[in-house]
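As provided, protein09.tsv (TSV, C-alpha atoms) reads as follows.
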```tsv
chain	number	residue	atom	x	y	z
A	10	PRO	CA	-25.34	4.85	19.55
A	11	ARG	CA	-27.81	7.27	21.08
A	12	SER	CA	-31.58	7.18	21.64
A	13	THR	CA	-34.26	9.71	22.41
A	14	SER	CA	-36.02	9.24	25.74
A	15	GLY	CA	-39.68	9.99	26.40
A	16	THR	CA	-38.69	13.44	27.62
A	17	GLY	CA	-37.27	14.31	24.23
A	18	GLN	CA	-33.72	14.37	25.57
A	19	ARG	CA	-30.97	12.29	24.03
A	20	SER	CA	-29.30	9.71	26.23
A	21	SER	CA	-26.40	7.39	25.57
A	22	LEU	CA	-27.09	3.65	25.39
A	23	LEU	CA	-23.46	2.83	26.12
A	24	PRO	CA	-21.68	3.32	29.46
A	25	SER	CA	-18.83	5.76	29.33
A	26	ALA	CA	-16.30	2.94	29.77
A	27	MET	CA	-17.31	1.55	26.37
A	28	ALA	CA	-15.99	4.71	24.74
A	29	VAL	CA	-12.44	3.61	25.52
A	30	ARG	CA	-10.72	2.39	22.39
A	31	MET	CA	-10.07	-1.33	22.75
A	32	ARG	CA	-7.17	-3.29	21.28
A	33	ARG	CA	-8.10	-5.37	18.25
A	34	ASP	CA	-7.97	-9.07	19.13
A	35	ARG	CA	-6.57	-10.53	15.94
A	36	SER	CA	-6.27	-14.03	17.37
A	37	ARG	CA	-10.07	-14.35	17.18
A	38	GLU	CA	-10.31	-13.27	13.55
A	39	ARG	CA	-10.91	-15.72	10.74
A	40	GLN	CA	-8.02	-16.69	8.53
A	41	ASP	CA	-8.03	-15.05	5.09
A	42	HIS	CA	-7.49	-18.00	2.76
A	43	SER	CA	-6.43	-15.73	-0.11
A	44	SER	CA	-3.33	-14.66	1.84
A	45	LEU	CA	-0.32	-16.69	2.96
A	46	SER	CA	0.68	-14.08	5.57
A	47	ASN	CA	0.31	-14.39	9.35
A	48	VAL	CA	-1.68	-11.24	10.12
A	49	ARG	CA	-3.17	-12.83	13.25
A	50	GLU	CA	0.32	-13.17	14.76
A	51	ALA	CA	2.30	-10.18	13.45
A	52	TRP	CA	0.99	-7.30	11.37
A	53	ALA	CA	2.29	-4.13	9.74
A	54	ARG	CA	1.03	-0.75	10.92
A	55	HIS	CA	2.96	1.55	8.59
A	56	ALA	CA	4.97	1.10	5.39
A	57	VAL	CA	7.78	3.25	4.01
A	58	LEU	CA	8.32	2.68	0.28
A	59	ARG	CA	11.46	3.70	-1.63
A	60	TRP	CA	11.10	2.94	-5.34
A	61	ARG	CA	13.05	3.40	-8.57
A	62	ILE	CA	11.17	3.06	-11.86
A	63	ASP	CA	13.13	1.46	-14.69
A	64	PHE	CA	11.10	1.85	-17.86
A	65	GLU	CA	13.65	0.07	-20.03
A	66	ALA	CA	13.78	-3.04	-17.86
A	67	LYS	CA	10.07	-2.72	-16.96
A	68	ARG	CA	10.90	-3.12	-13.31
A	69	ILE	CA	10.35	-1.34	-10.00
A	70	SER	CA	13.10	-1.81	-7.44
A	71	GLY	CA	13.86	-0.43	-4.01
A	72	SER	CA	12.70	-1.25	-0.51
A	73	VAL	CA	9.79	-1.36	1.88
A	74	ARG	CA	10.19	-0.88	5.61
A	75	TYR	CA	7.38	-1.86	7.95
A	76	GLU	CA	6.53	-0.86	11.48
A	77	VAL	CA	5.32	-4.20	12.81
A	78	GLU	CA	3.28	-5.06	15.89
A	79	SER	CA	3.08	-8.64	17.08
A	80	ALA	CA	1.10	-10.81	19.45
A	81	ALA	CA	2.83	-12.27	22.47
A	82	GLY	CA	5.03	-15.17	21.45
A	83	ALA	CA	5.09	-14.37	17.74
A	84	ARG	CA	8.30	-15.64	16.18
A	85	ARG	CA	8.02	-14.56	12.55
A	86	PHE	CA	6.63	-11.96	10.17
A	87	VAL	CA	5.20	-13.42	6.97
A	88	VAL	CA	4.38	-11.55	3.76
A	89	ASP	CA	2.86	-12.51	0.42
A	90	THR	CA	4.86	-12.38	-2.82
A	91	SER	CA	4.12	-13.37	-6.41
A	92	GLY	CA	5.11	-12.77	-10.02
A	93	GLY	CA	8.76	-13.63	-9.44
A	94	LEU	CA	9.30	-10.80	-6.94
A	95	GLU	CA	12.93	-10.99	-5.77
A	96	ILE	CA	14.01	-10.09	-2.23
A	97	SER	CA	17.74	-9.37	-2.16
A	98	ALA	CA	18.10	-8.49	1.54
A	99	ALA	CA	16.08	-8.28	4.74
A	100	ARG	CA	16.61	-6.62	8.11
A	101	VAL	CA	14.75	-6.89	11.39
A	102	ASP	CA	15.39	-4.10	13.88
A	103	GLY	CA	18.43	-3.10	11.83
A	104	ALA	CA	20.09	-6.54	11.81
A	105	ALA	CA	20.44	-8.58	8.62
A	106	VAL	CA	18.34	-11.75	8.61
A	107	ALA	CA	17.72	-14.62	6.22
A	108	VAL	CA	14.44	-14.87	4.33
A	109	SER	CA	12.61	-18.20	4.44
A	110	TRP	CA	10.53	-19.04	1.38
A	111	GLY	CA	7.48	-21.25	1.33
A	112	ALA	CA	6.28	-23.48	-1.48
A	113	SER	CA	4.55	-21.95	-4.49
A	114	ARG	CA	0.78	-21.85	-4.09
A	115	GLY	CA	-0.18	-21.04	-7.65
A	116	ALA	CA	-2.16	-17.80	-7.97
A	117	LEU	CA	-1.60	-17.11	-4.26
A	118	GLY	CA	2.14	-16.86	-4.82
A	119	VAL	CA	4.87	-17.67	-2.32
A	120	ALA	CA	5.12	-16.77	1.36
A	121	ALA	CA	8.30	-15.08	2.56
A	122	SER	CA	9.07	-14.87	6.27
A	123	VAL	CA	11.68	-13.35	8.57
A	124	PRO	CA	12.30	-14.14	12.25
A	125	LEU	CA	11.20	-11.88	15.09
A	126	VAL	CA	13.71	-12.17	17.91
A	127	GLY	CA	13.21	-11.26	21.57
A	128	SER	CA	10.17	-10.36	23.61
A	129	ALA	CA	9.49	-6.94	22.08
A	130	ARG	CA	6.03	-6.47	20.59
A	131	ARG	CA	7.11	-3.88	18.03
A	132	HIS	CA	9.71	-4.34	15.30
A	133	SER	CA	11.12	-2.68	12.22
A	134	VAL	CA	11.18	-5.03	9.21
A	135	GLU	CA	12.76	-4.01	5.91
A	136	PHE	CA	12.96	-5.77	2.56
A	137	GLU	CA	15.14	-4.74	-0.37
A	138	TYR	CA	13.57	-6.13	-3.51
A	139	SER	CA	12.60	-5.76	-7.15
A	140	THR	CA	9.50	-6.78	-9.07
A	141	GLY	CA	9.73	-9.82	-11.31
A	142	ARG	CA	9.01	-10.39	-14.98
A	143	GLY	CA	5.69	-11.92	-14.00
A	144	CYS	CA	4.48	-8.92	-11.98
A	145	THR	CA	0.72	-8.79	-12.50
A	146	ALA	CA	0.19	-5.41	-10.79
A	147	THR	CA	2.07	-3.33	-13.37
A	148	GLN	CA	1.05	-2.35	-16.89
A	149	TRP	CA	3.92	-1.00	-19.03
A	150	LEU	CA	2.60	0.89	-22.06
A	151	ALA	CA	3.68	3.52	-24.57
A	152	ALA	CA	1.90	6.85	-25.04
A	153	ASN	CA	2.87	9.40	-27.69
A	154	GLY	CA	6.32	7.91	-28.00
A	155	LYS	CA	7.04	7.85	-24.26
A	156	PRO	CA	6.68	4.97	-21.80
A	157	PHE	CA	3.73	4.90	-19.44
A	158	LEU	CA	3.17	2.88	-16.28
A	159	PHE	CA	0.16	2.27	-14.11
A	160	THR	CA	-0.64	-0.29	-11.43
A	161	GLN	CA	-3.75	-2.27	-10.58
A	162	CYS	CA	-3.48	-4.16	-7.28
A	163	GLN	CA	-7.04	-5.37	-6.90
A	164	ALA	CA	-7.78	-8.09	-6.00
A	165	ILE	CA	-4.55	-9.83	-4.89
A	166	HIS	CA	-1.94	-8.34	-7.26
A	167	CYS	CA	-0.24	-6.06	-4.72
A	168	ARG	CA	1.91	-9.00	-3.62
A	169	SER	CA	3.63	-8.88	-7.00
A	170	LEU	CA	4.42	-5.16	-6.51
A	171	ILE	CA	5.41	-5.22	-2.82
A	172	PRO	CA	6.26	-8.03	-0.38
A	173	ILE	CA	3.20	-7.34	1.73
A	174	GLN	CA	0.46	-8.85	3.86
A	175	ASP	CA	-1.98	-8.82	0.96
A	176	SER	CA	-5.27	-9.24	2.79
A	177	PRO	CA	-8.10	-6.66	2.59
A	178	GLY	CA	-8.65	-6.71	6.35
A	179	GLN	CA	-5.02	-5.80	6.98
A	180	LYS	CA	-4.70	-2.03	6.60
A	181	VAL	CA	-1.61	0.17	6.78
A	182	THR	CA	-0.70	3.81	6.52
A	183	TRP	CA	2.13	4.43	4.07
A	184	GLU	CA	4.57	6.94	2.66
A	185	ALA	CA	6.55	6.69	-0.56
A	186	ALA	CA	9.45	8.31	-2.39
A	187	VAL	CA	9.61	7.37	-6.07
A	188	GLU	CA	12.56	8.04	-8.40
A	189	ALA	CA	11.72	8.48	-12.09
A	190	PRO	CA	13.19	10.27	-15.14
A	191	GLU	CA	12.93	14.08	-15.12
A	192	TRP	CA	10.27	14.11	-17.83
A	193	CYS	CA	8.07	11.68	-15.87
A	194	GLU	CA	5.26	12.75	-13.54
A	195	VAL	CA	4.59	10.31	-10.69
A	196	LEU	CA	1.17	10.14	-9.03
A	197	MET	CA	-0.05	7.87	-6.24
A	198	SER	CA	-3.24	7.17	-4.30
A	199	GLY	CA	-2.42	9.51	-1.45
A	200	LEU	CA	-1.44	13.06	-0.57
A	201	ARG	CA	1.49	14.75	-2.25
A	202	GLY	CA	4.56	15.19	-0.06
A	203	GLY	CA	7.00	18.05	0.11
A	204	SER	CA	9.34	16.94	-2.68
A	205	ARG	CA	9.02	15.55	-6.18
A	206	GLY	CA	7.94	11.92	-6.17
A	207	GLU	CA	6.93	11.92	-2.50
A	208	TRP	CA	3.47	10.74	-1.45
A	209	ARG	CA	1.81	9.71	1.80
A	210	GLN	CA	-1.40	8.05	2.91
A	211	PRO	CA	-2.22	8.88	6.57
A	212	ARG	CA	-5.38	6.76	6.60
A	213	PRO	CA	-5.00	2.99	7.06
A	214	VAL	CA	-5.90	1.35	3.75
A	215	SER	CA	-5.99	-2.14	2.30
A	216	SER	CA	-3.09	-3.16	0.09
A	217	TYR	CA	-5.22	-3.30	-3.06
A	218	LEU	CA	-5.78	0.49	-2.77
A	219	ILE	CA	-2.08	1.30	-3.18
A	220	ALA	CA	-1.81	2.70	-6.72
A	221	LEU	CA	0.83	4.34	-8.91
A	222	VAL	CA	0.84	6.01	-12.32
A	223	ALA	CA	3.92	7.40	-14.05
A	224	GLY	CA	4.30	9.02	-17.45
A	225	ASP	CA	4.21	12.21	-19.48
A	226	LEU	CA	1.28	13.79	-17.64
A	227	VAL	CA	-0.04	17.32	-17.14
A	228	SER	CA	-2.91	18.58	-15.00
A	229	ARG	CA	-5.95	20.76	-15.51
A	230	GLU	CA	-7.86	22.45	-12.70
A	231	ILE	CA	-11.57	21.73	-12.34
A	232	SER	CA	-12.13	23.50	-9.02
A	233	ALA	CA	-10.23	24.50	-5.90
A	234	ARG	CA	-10.05	20.85	-4.83
A	235	CYS	CA	-10.49	18.91	-8.07
A	236	ARG	CA	-7.82	18.33	-10.70
A	237	VAL	CA	-7.55	15.92	-13.62
A	238	TRP	CA	-4.29	14.48	-15.01
A	239	ALA	CA	-3.78	13.22	-18.54
A	240	GLU	CA	-1.33	13.16	-21.43
A	241	PRO	CA	-0.73	16.66	-22.83
A	242	GLY	CA	-2.82	16.04	-25.94
A	243	ALA	CA	-5.80	14.78	-23.95
A	244	ALA	CA	-5.73	17.05	-20.89
A	245	ASP	CA	-8.24	19.65	-22.11
A	246	ALA	CA	-10.71	16.99	-23.22
A	247	ALA	CA	-10.32	15.18	-19.91
A	248	ARG	CA	-11.04	18.42	-18.05
A	249	ASP	CA	-14.23	18.87	-20.06
A	250	ASP	CA	-15.29	15.27	-19.46
A	251	PHE	CA	-14.88	15.68	-15.69
A	252	SER	CA	-16.10	19.26	-15.46
A	253	GLU	CA	-19.01	18.27	-13.18
A	254	ALA	CA	-16.81	16.45	-10.66
A	255	GLU	CA	-17.12	19.22	-8.08
A	256	ALA	CA	-20.92	19.14	-8.30
A	257	PHE	CA	-20.91	15.46	-7.44
```
Please go through the file and, once you have read it, give me the structure as structure tokens.
Amino acid sequence: PRSTSGTGQRSSLLPSAMAVRMRRDRSRERQDHSSLSNVREAWARHAVLRWRIDFEAKRISGSVRYEVESAAGARRFVVDTSGGLEISAARVDGAAVAVSWGASRGALGVAASVPLVGSARRHSVEFEYSTGRGCTATQWLAANGKPFLFTQCQAIHCRSLIPIQDSPGQKVTWEAAVEAPEWCEVLMSGLRGGSRGEWRQPRPVSSYLIALVAGDLVSREISARCRVWAEPGAADAARDDFSEAEAF
């Protein structure tokens, strides 16, 4: 914050020491009662997603690896799951560990936790998993004779897509590599990577903003920085509908 003094010159209201970035004290934050995770004790900073889309089985499988930071004395890392999500294996700092499951909490799902061993404050935590038949984040449709998939994680559906700390105050950067059939275009809510199916989000975002769409899609340019994607038969009309996007 800055103010204008009587001389017309701007002066800072904060001492220079206040400009130093301070560590977030999570222990003083309120508990999010819509999440079963322990974000005040151990929290993810970055997520690496490796997915395979199975249109026939209507399932996404693969892994998520987290870079985790923890408070002193933290002994576990807890994530939210729902919709029958199945974790087949887990590793902490490269070593296989057992997953402990909590009791079902209805719409909130089931907590899954892994142990954090030693005094280190940073850990690598990886889950191999697949979405369940009750996954509420995915919509499996058909378009012009080909399958079509899109996700909707808001408000607390991301926990059925990824074993994750599904709380809006818990933000992560992420990167993803998604395997899909050759005919299928994969898009995500981030920046395109260097290879087909690769995406990244360098800004920390809440879990409900992680989004995926996969299907027979083509693009149309609106401007140097605006592009619309749609099914081949609707692409031109979509471009016309969004033709003023750059002006906005």
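The coordinates place CA of Arg61 (chain A) at 27.9 Å from CA of Val48 (chain A).
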Exercise. For Ala107 (chain A), which residue among A:Gly127, A:Val134, A:Arg229, A:Trp60 is the nearest when counting all atoms listed in the file?
Worked result: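 Ranking A:Gly127, A:Val134, A:Arg229, A:Trp60 by distance to Ala107 (chain A), first place goes to A:Val134.
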Exercise. In terms of the shortest atom-to-atom distance over all atoms listed in the file, which of A:Leu218, A:Ile171, A:Ala83, A:Ile231 is closest to Gly71 (chain A)?
Worked result: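 Nearest candidate to Gly71 (chain A) out of A:Leu218, A:Ile171, A:Ala83, A:Ile231: A:Ile171.
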Exercise. So which one's closest to Cys144 (chain A), A:Asn47, A:Ser215, A:Thr160, A:Ser176? Using all atoms listed in the file, please.
Worked result: A:Thr160
Problem set entry | Distance criterion (only C-alpha atoms): nearest to Ala186 (chain A) out of A:Arg59, A:Arg39, A:Ser128, A:Arg74 | A:Arg59
Exercise. So what do you get for CA of Cys193 (chain A) versus CA of Arg236 (chain A), distance-wise?
Worked result: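 The value is 18.0 Å.
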Exercise. Taking only C-alpha atoms into account, which of A:Arg234, A:His166, A:Arg114, A:Arg131 comes nearest His55 (chain A)?
Worked result: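 Looking only at the distances to His55 (chain A), the closest residue turns out to be A:Arg131.
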For this session: Show which residues sit within 7 Å of Ser91 (chain A), as a ChimeraX atom specification. Count all atoms listed in the file, and ignore same-chain residues fewer than 5 positions away.
Result: /A:118-119,168-169
With 9 Å as the threshold, what does the neighbourhood of (-0.1, 10.7, -9.9) contain in terms of residues, counting all atoms listed in the file? Coordinates are those of the file; answer as a PDB file with C-alpha atoms, in the frame of the given file.
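In the end it all went to point_39.pdb:
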```pdb
ATOM      1  CA  GLU A 194       5.260  12.750 -13.540  1.00  0.00           C
ATOM      2  CA  VAL A 195       4.590  10.310 -10.690  1.00  0.00           C
ATOM      3  CA  LEU A 196       1.170  10.140  -9.030  1.00  0.00           C
ATOM      4  CA  MET A 197      -0.050   7.870  -6.240  1.00  0.00           C
ATOM      5  CA  SER A 198      -3.240   7.170  -4.300  1.00  0.00           C
ATOM      6  CA  GLY A 199      -2.420   9.510  -1.450  1.00  0.00           C
ATOM      7  CA  ARG A 201       1.490  14.750  -2.250  1.00  0.00           C
ATOM      8  CA  GLY A 206       7.940  11.920  -6.170  1.00  0.00           C
ATOM      9  CA  ALA A 220      -1.810   2.700  -6.720  1.00  0.00           C
ATOM     10  CA  LEU A 221       0.830   4.340  -8.910  1.00  0.00           C
ATOM     11  CA  VAL A 222       0.840   6.010 -12.320  1.00  0.00           C
ATOM     12  CA  ALA A 223       3.920   7.400 -14.050  1.00  0.00           C
ATOM     13  CA  GLY A 224       4.300   9.020 -17.450  1.00  0.00           C
ATOM     14  CA  LEU A 226       1.280  13.790 -17.640  1.00  0.00           C
ATOM     15  CA  TRP A 238      -4.290  14.480 -15.010  1.00  0.00           C
TER      16      TRP A 238
END
```
Exercise. Leaving out Ser122 (chain A) and any residue of its chain fewer than 6 positions from it, which residues lie within 8 Å of it when counting all atoms listed in the file, given as a PyMOL selection string?
Worked result: chain A and resi 85-88+108-110
Seminar exercise, completed: From the list A:Ser97, A:Ser79, A:Thr145, A:Ser232, the nearest residue to Arg54 (chain A) using only C-alpha atoms is A:Ser79
For this session: Could you check how far CA of Val214 (chain A) sits from CA of Gln179 (chain A), in Å to one decimal?
Result: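 For CA of Val214 (chain A) relative to CA of Gln179 (chain A), the distance reads 7.9 Å.
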What's the 7 Å shell around Ile62 (chain A), counting all atoms listed in the file, without same-chain residues fewer than 4 positions away, as an mmCIF file with C-alpha atoms, keeping the file's coordinate frame?
```
data_model
loop_
_atom_site.group_PDB
_atom_site.id
_atom_site.type_symbol
_atom_site.label_atom_id
_atom_site.label_comp_id
_atom_site.auth_asym_id
_atom_site.auth_seq_id
_atom_site.Cartn_x
_atom_site.Cartn_y
_atom_site.Cartn_z
ATOM 1 C CA ARG A 68 10.900 -3.120 -13.310
ATOM 2 C CA ILE A 69 10.350 -1.340 -10.000
ATOM 3 C CA SER A 70 13.100 -1.810 -7.440
ATOM 4 C CA GLU A 188 12.560 8.040 -8.400
ATOM 5 C CA ALA A 189 11.720 8.480 -12.090
#
```
Problem set entry | Non-local contacts of Glu95 (chain A) (8 Å; all atoms listed in the file; under 3 positions in same chain excluded) as a list in words | Tyr138, Ser139, Thr140 and Gly141 of chain A
For this session: For Ala247 (chain A), work out the shell of residues within 12 Å, counting all atoms listed in the file and skipping chain neighbours fewer than 3 positions away, then give it as a list in words.
Result: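 With the cut-off at 12 Å, the set is Leu226, Val227, Ser228, Arg229, Glu230, Ile231, Arg236, Val237, Trp238, Ala239, Glu240, Pro241, Gly242, Ala243, Ala244, Asp250, Phe251, Ser252, Glu253 and Ala254 of chain A.
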Given 5 Å on each side, where is the centre and what are the edge lengths in Å to one decimal of the axis-aligned box enclosing the listed atoms of region 122-128 of chain A, as AutoDock Vina command-line options?
```
--center_x 11.4 --center_y -12.6 --center_z 14.9 --size_x 14.6 --size_y 14.5 --size_z 27.3
```
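A distance cut-off of 9 Å around (18.4, -2.8, 4.2), counting only C-alpha atoms, selects these protein and nucleic acid residues: A:Ser72, A:Arg74, A:Ala98, A:Ala99, A:Arg100, A:Gly103, A:Ala104, A:Ala105, A:Glu135, A:Phe136, A:Glu137.
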File of the preceding selection, C-alpha atoms, as a PDB file, in the coordinates of the input:
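Listed below is the output, selection.pdb:
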```
ATOM      1  CA  SER A  72      12.700  -1.250  -0.510  1.00  0.00           C
ATOM      2  CA  ARG A  74      10.190  -0.880   5.610  1.00  0.00           C
ATOM      3  CA  ALA A  98      18.100  -8.490   1.540  1.00  0.00           C
ATOM      4  CA  ALA A  99      16.080  -8.280   4.740  1.00  0.00           C
ATOM      5  CA  ARG A 100      16.610  -6.620   8.110  1.00  0.00           C
ATOM      6  CA  GLY A 103      18.430  -3.100  11.830  1.00  0.00           C
ATOM      7  CA  ALA A 104      20.090  -6.540  11.810  1.00  0.00           C
ATOM      8  CA  ALA A 105      20.440  -8.580   8.620  1.00  0.00           C
ATOM      9  CA  GLU A 135      12.760  -4.010   5.910  1.00  0.00           C
ATOM     10  CA  PHE A 136      12.960  -5.770   2.560  1.00  0.00           C
ATOM     11  CA  GLU A 137      15.140  -4.740  -0.370  1.00  0.00           C
TER      12      GLU A 137
END
```
